[in-house]
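Colleague: There's a structure below that I have some questions on.
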Amino acid sequence: MIRRMRTYMALPSEKKRLLAEALVFLAWARALKMLPFSRLKLSFGRPMAETPHVHPLEQERLIRRISEAVRVMSRHTLWESQCLVQALAARKMLERRKLDSTLYLGTAKDKQGKLIAHAWLRSGPVYLTGARERRLFTTVASFATEPKE
């Protein structure tokens with residue numbers, strides 16, 4: 001614990017702020033996930049829509065830093081921070097910066113034949129969360145947000 005704190009304190013202030021923001025939004029997303037899915041999905045964006053697969057090159061560095069912050073902090077939460085929680089947290093961080101994204105929901109069957117679900121988030125060509133596993137799932141829904149003017 002002390003070693004982690006030293007590592008955190010040695011980081012540049014911009015990275016510390018991004019990690020702290022990720023932690024706050026992971027907590028927010030976890031609390032949001034306690035809502036019934038029928039209410040939760042109302043906050044996902046435009047159903048069955050996608051945002052463009054391109055974005056200005058200067059945004060890519062920020063998008064990748066947000067992805068990293070969410071991934072790192074999700075390993076250190078005291079609560080479950082799996083795919084949907086990570087996707088919602090990253091989306092909120094993008095929205096704060098007026099960046100669009102698409103949230104995807106998919107399903108598959110595990111080895112025992114039980115239905116399992118996965119969520120992942122994309123902004124432009126970058127998959128911020130759930131990228132590795134997404135190919136194992138059939139997309140059943142997508143939700144697009146647009147940058148706020």
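Ordering of the structure tokens sets the chain letters (A, B, ...), residue numbers begin anew at 1 in every chain, and ligands are numbered from 1 in the order given.
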Taking the DSSP secondary structure from the backbone, can you list the residues of chain A that are helix (DSSP H, G or I), as a ChimeraX atom specification?
Modeller: /A:2-9,13-32,37-43,57-74,83-96,131-134
Colleague: Quick one: residues within 12 Å of A:Glu58, only C-alpha atoms counted, chain neighbours fewer than 4 positions away excluded, as a list in words?
Modeller: Val54, Leu62, Ile63, Arg64, Leu99 and Gly124 of chain A
Colleague: Those selected residues, please, written with N, CA and C atoms and delivered as a PDB file, in the first residue's frame.
Modeller:
```pdb
ATOM      1  N   VAL A  54     -13.668   7.719 -36.831  1.00  0.00           N
ATOM      2  CA  VAL A  54     -12.515   8.599 -36.973  1.00  0.00           C
ATOM      3  C   VAL A  54     -12.661   9.748 -35.981  1.00  0.00           C
ATOM      4  N   LEU A  62      -5.253  11.808 -25.714  1.00  0.00           N
ATOM      5  CA  LEU A  62      -6.124  11.978 -24.550  1.00  0.00           C
ATOM      6  C   LEU A  62      -7.033  10.765 -24.376  1.00  0.00           C
ATOM      7  N   ILE A  63      -7.599  10.270 -25.448  1.00  0.00           N
ATOM      8  CA  ILE A  63      -8.487   9.111 -25.382  1.00  0.00           C
ATOM      9  C   ILE A  63      -7.737   7.898 -24.827  1.00  0.00           C
ATOM     10  N   ARG A  64      -6.525   7.708 -25.279  1.00  0.00           N
ATOM     11  CA  ARG A  64      -5.722   6.578 -24.787  1.00  0.00           C
ATOM     12  C   ARG A  64      -5.331   6.764 -23.323  1.00  0.00           C
ATOM     13  N   LEU A  99     -16.183  14.690 -26.119  1.00  0.00           N
ATOM     14  CA  LEU A  99     -15.772  13.688 -27.094  1.00  0.00           C
ATOM     15  C   LEU A  99     -16.858  12.633 -27.214  1.00  0.00           C
ATOM     16  N   GLY A 124     -13.954   7.120 -31.797  1.00  0.00           N
ATOM     17  CA  GLY A 124     -13.199   7.101 -33.044  1.00  0.00           C
ATOM     18  C   GLY A 124     -12.763   5.674 -33.312  1.00  0.00           C
TER      19      GLY A 124
END
```
Colleague: Can you pull out the residues contacting A:Gly45? Cut-off 6 Å, using only C-alpha atoms, and skip same-chain residues under 2 positions away; I want them as a list in words.
Modeller: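 Final neighbour list, sorted by chain and number: Ser43, Phe143, Ala144 and Thr145 of chain A.
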Colleague: Near A:Arg91, within 10 Å and counting only C-alpha atoms, which residues show up once chain neighbours fewer than 2 positions away are dropped, as a PyMOL selection string?
Modeller: chain A and resi 25+29+44+66-67+85-89+93-97+99-103+121-123+128-129+145
Colleague: Export, as a short mmCIF file (atom, residue, chain, number, x, y, z; two decimals), in the first residue's frame, the selected residues with N, CA and C atoms.
Modeller:
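So the final result, stored in part39.cif, reads:
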```
data_model
loop_
_atom_site.label_atom_id
_atom_site.label_comp_id
_atom_site.auth_asym_id
_atom_site.auth_seq_id
_atom_site.Cartn_x
_atom_site.Cartn_y
_atom_site.Cartn_z
N PHE A 25 -15.38 8.29 -11.27
CA PHE A 25 -16.39 7.83 -12.23
C PHE A 25 -16.60 6.33 -12.19
N ALA A 29 -20.25 4.94 -11.73
CA ALA A 29 -20.79 3.93 -12.64
C ALA A 29 -21.25 2.70 -11.88
N PHE A 44 -27.70 5.47 -21.66
CA PHE A 44 -26.64 4.98 -22.55
C PHE A 44 -26.47 5.81 -23.81
N ILE A 66 -7.19 8.31 -21.07
CA ILE A 66 -8.43 8.02 -20.34
C ILE A 66 -8.60 6.51 -20.22
N SER A 67 -8.38 5.80 -21.32
CA SER A 67 -8.49 4.35 -21.32
C SER A 67 -7.55 3.74 -20.29
N VAL A 85 -19.05 -1.21 -15.92
CA VAL A 85 -18.63 -0.12 -15.03
C VAL A 85 -17.48 0.66 -15.69
N GLN A 86 -16.53 -0.05 -16.25
CA GLN A 86 -15.40 0.62 -16.91
C GLN A 86 -15.88 1.43 -18.12
N ALA A 87 -16.77 0.85 -18.91
CA ALA A 87 -17.27 1.55 -20.10
C ALA A 87 -18.03 2.81 -19.72
N LEU A 88 -18.87 2.73 -18.71
CA LEU A 88 -19.63 3.92 -18.28
C LEU A 88 -18.72 5.00 -17.70
N ALA A 89 -17.71 4.60 -16.95
CA ALA A 89 -16.77 5.56 -16.38
C ALA A 89 -15.98 6.26 -17.49
N MET A 93 -15.97 10.29 -18.70
CA MET A 93 -14.75 11.09 -18.83
C MET A 93 -14.65 11.70 -20.23
N LEU A 94 -15.05 10.96 -21.24
CA LEU A 94 -15.06 11.50 -22.60
C LEU A 94 -16.10 12.62 -22.73
N GLU A 95 -17.29 12.39 -22.20
CA GLU A 95 -18.36 13.40 -22.27
C GLU A 95 -17.91 14.72 -21.65
N ARG A 96 -17.19 14.65 -20.53
CA ARG A 96 -16.71 15.88 -19.89
C ARG A 96 -15.80 16.68 -20.81
N ARG A 97 -15.18 15.99 -21.76
CA ARG A 97 -14.26 16.64 -22.70
C ARG A 97 -14.90 16.84 -24.07
N LEU A 99 -16.18 14.69 -26.12
CA LEU A 99 -15.77 13.69 -27.09
C LEU A 99 -16.86 12.63 -27.21
N ASP A 100 -17.16 12.24 -28.43
CA ASP A 100 -18.22 11.26 -28.63
C ASP A 100 -17.70 9.83 -28.45
N SER A 101 -18.64 8.92 -28.27
CA SER A 101 -18.28 7.51 -28.09
C SER A 101 -19.49 6.63 -28.40
N THR A 102 -19.20 5.36 -28.58
CA THR A 102 -20.25 4.36 -28.77
C THR A 102 -20.06 3.26 -27.73
N LEU A 103 -21.12 2.99 -26.99
CA LEU A 103 -21.14 1.90 -26.02
C LEU A 103 -21.78 0.69 -26.69
N LEU A 121 -16.39 0.04 -25.05
CA LEU A 121 -16.57 1.43 -25.44
C LEU A 121 -15.54 1.81 -26.50
N ARG A 122 -16.02 2.52 -27.53
CA ARG A 122 -15.16 2.99 -28.61
C ARG A 122 -15.33 4.49 -28.79
N SER A 123 -14.24 5.18 -29.06
CA SER A 123 -14.28 6.57 -29.46
C SER A 123 -13.38 6.71 -30.68
N LEU A 128 -11.65 1.91 -25.87
CA LEU A 128 -11.13 2.31 -24.57
C LEU A 128 -11.22 1.18 -23.56
N THR A 129 -12.32 0.43 -23.60
CA THR A 129 -12.54 -0.64 -22.62
C THR A 129 -13.06 -1.88 -23.34
N THR A 145 -23.28 8.53 -28.35
CA THR A 145 -23.41 9.89 -27.80
C THR A 145 -22.74 10.83 -28.78
#
```
Colleague: Measuring atom to atom with only C-alpha atoms, identify which of A:Lys114, A:Lys98, A:Ser74, A:Pro12 is nearest to A:Gln59.
Modeller: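 With only C-alpha atoms as the atom set, the closest residue is A:Lys98.
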Colleague: Given the choices A:Leu19, A:Leu11, A:Ala31, A:Met48, which gets closest to A:Ala141 if the distance is worked out from only C-alpha atoms?
Modeller: A:Met48
Colleague: Could you give me, as number ranges by chain, each residue of chain A that DSSP assigns to strand (DSSP E or B) when run on this structure's backbone?
Modeller: A: 46-47, 101-109, 115-123, 126-129, 138-145
Colleague: How would the residues just chosen look if you wrote them out with C-alpha atoms as an mmCIF file, in the first residue's frame?
Modeller:
```cif
data_model
loop_
_atom_site.group_PDB
_atom_site.id
_atom_site.type_symbol
_atom_site.label_atom_id
_atom_site.label_comp_id
_atom_site.auth_asym_id
_atom_site.auth_seq_id
_atom_site.Cartn_x
_atom_site.Cartn_y
_atom_site.Cartn_z
ATOM 1 C CA ARG A 46 -29.073 6.936 -28.846
ATOM 2 C CA PRO A 47 -29.972 3.250 -29.228
ATOM 3 C CA SER A 101 -18.283 7.511 -28.091
ATOM 4 C CA THR A 102 -20.249 4.361 -28.767
ATOM 5 C CA LEU A 103 -21.145 1.904 -26.017
ATOM 6 C CA TYR A 104 -21.607 -1.680 -27.218
ATOM 7 C CA LEU A 105 -23.360 -4.538 -25.463
ATOM 8 C CA GLY A 106 -22.826 -8.106 -26.544
ATOM 9 C CA THR A 107 -23.700 -11.644 -25.561
ATOM 10 C CA ALA A 108 -22.119 -15.060 -25.910
ATOM 11 C CA LYS A 109 -22.313 -18.476 -24.270
ATOM 12 C CA LEU A 115 -25.511 -16.775 -21.557
ATOM 13 C CA ILE A 116 -22.877 -14.167 -20.651
ATOM 14 C CA ALA A 117 -22.705 -10.461 -21.441
ATOM 15 C CA HIS A 118 -19.968 -7.951 -22.162
ATOM 16 C CA ALA A 119 -19.749 -4.195 -22.683
ATOM 17 C CA TRP A 120 -17.099 -2.197 -24.478
ATOM 18 C CA LEU A 121 -16.565 1.435 -25.441
ATOM 19 C CA ARG A 122 -15.162 2.987 -28.608
ATOM 20 C CA SER A 123 -14.281 6.575 -29.463
ATOM 21 C CA VAL A 126 -9.905 3.547 -30.295
ATOM 22 C CA TYR A 127 -11.518 0.920 -28.080
ATOM 23 C CA LEU A 128 -11.128 2.305 -24.568
ATOM 24 C CA THR A 129 -12.536 -0.643 -22.621
ATOM 25 C CA THR A 138 -22.136 -10.899 -30.687
ATOM 26 C CA THR A 139 -23.108 -7.235 -30.571
ATOM 27 C CA VAL A 140 -26.757 -6.934 -29.572
ATOM 28 C CA ALA A 141 -26.937 -3.188 -28.978
ATOM 29 C CA SER A 142 -24.990 -0.014 -29.542
ATOM 30 C CA PHE A 143 -25.566 3.408 -28.029
ATOM 31 C CA ALA A 144 -24.074 6.587 -29.469
ATOM 32 C CA THR A 145 -23.410 9.887 -27.796
#
```
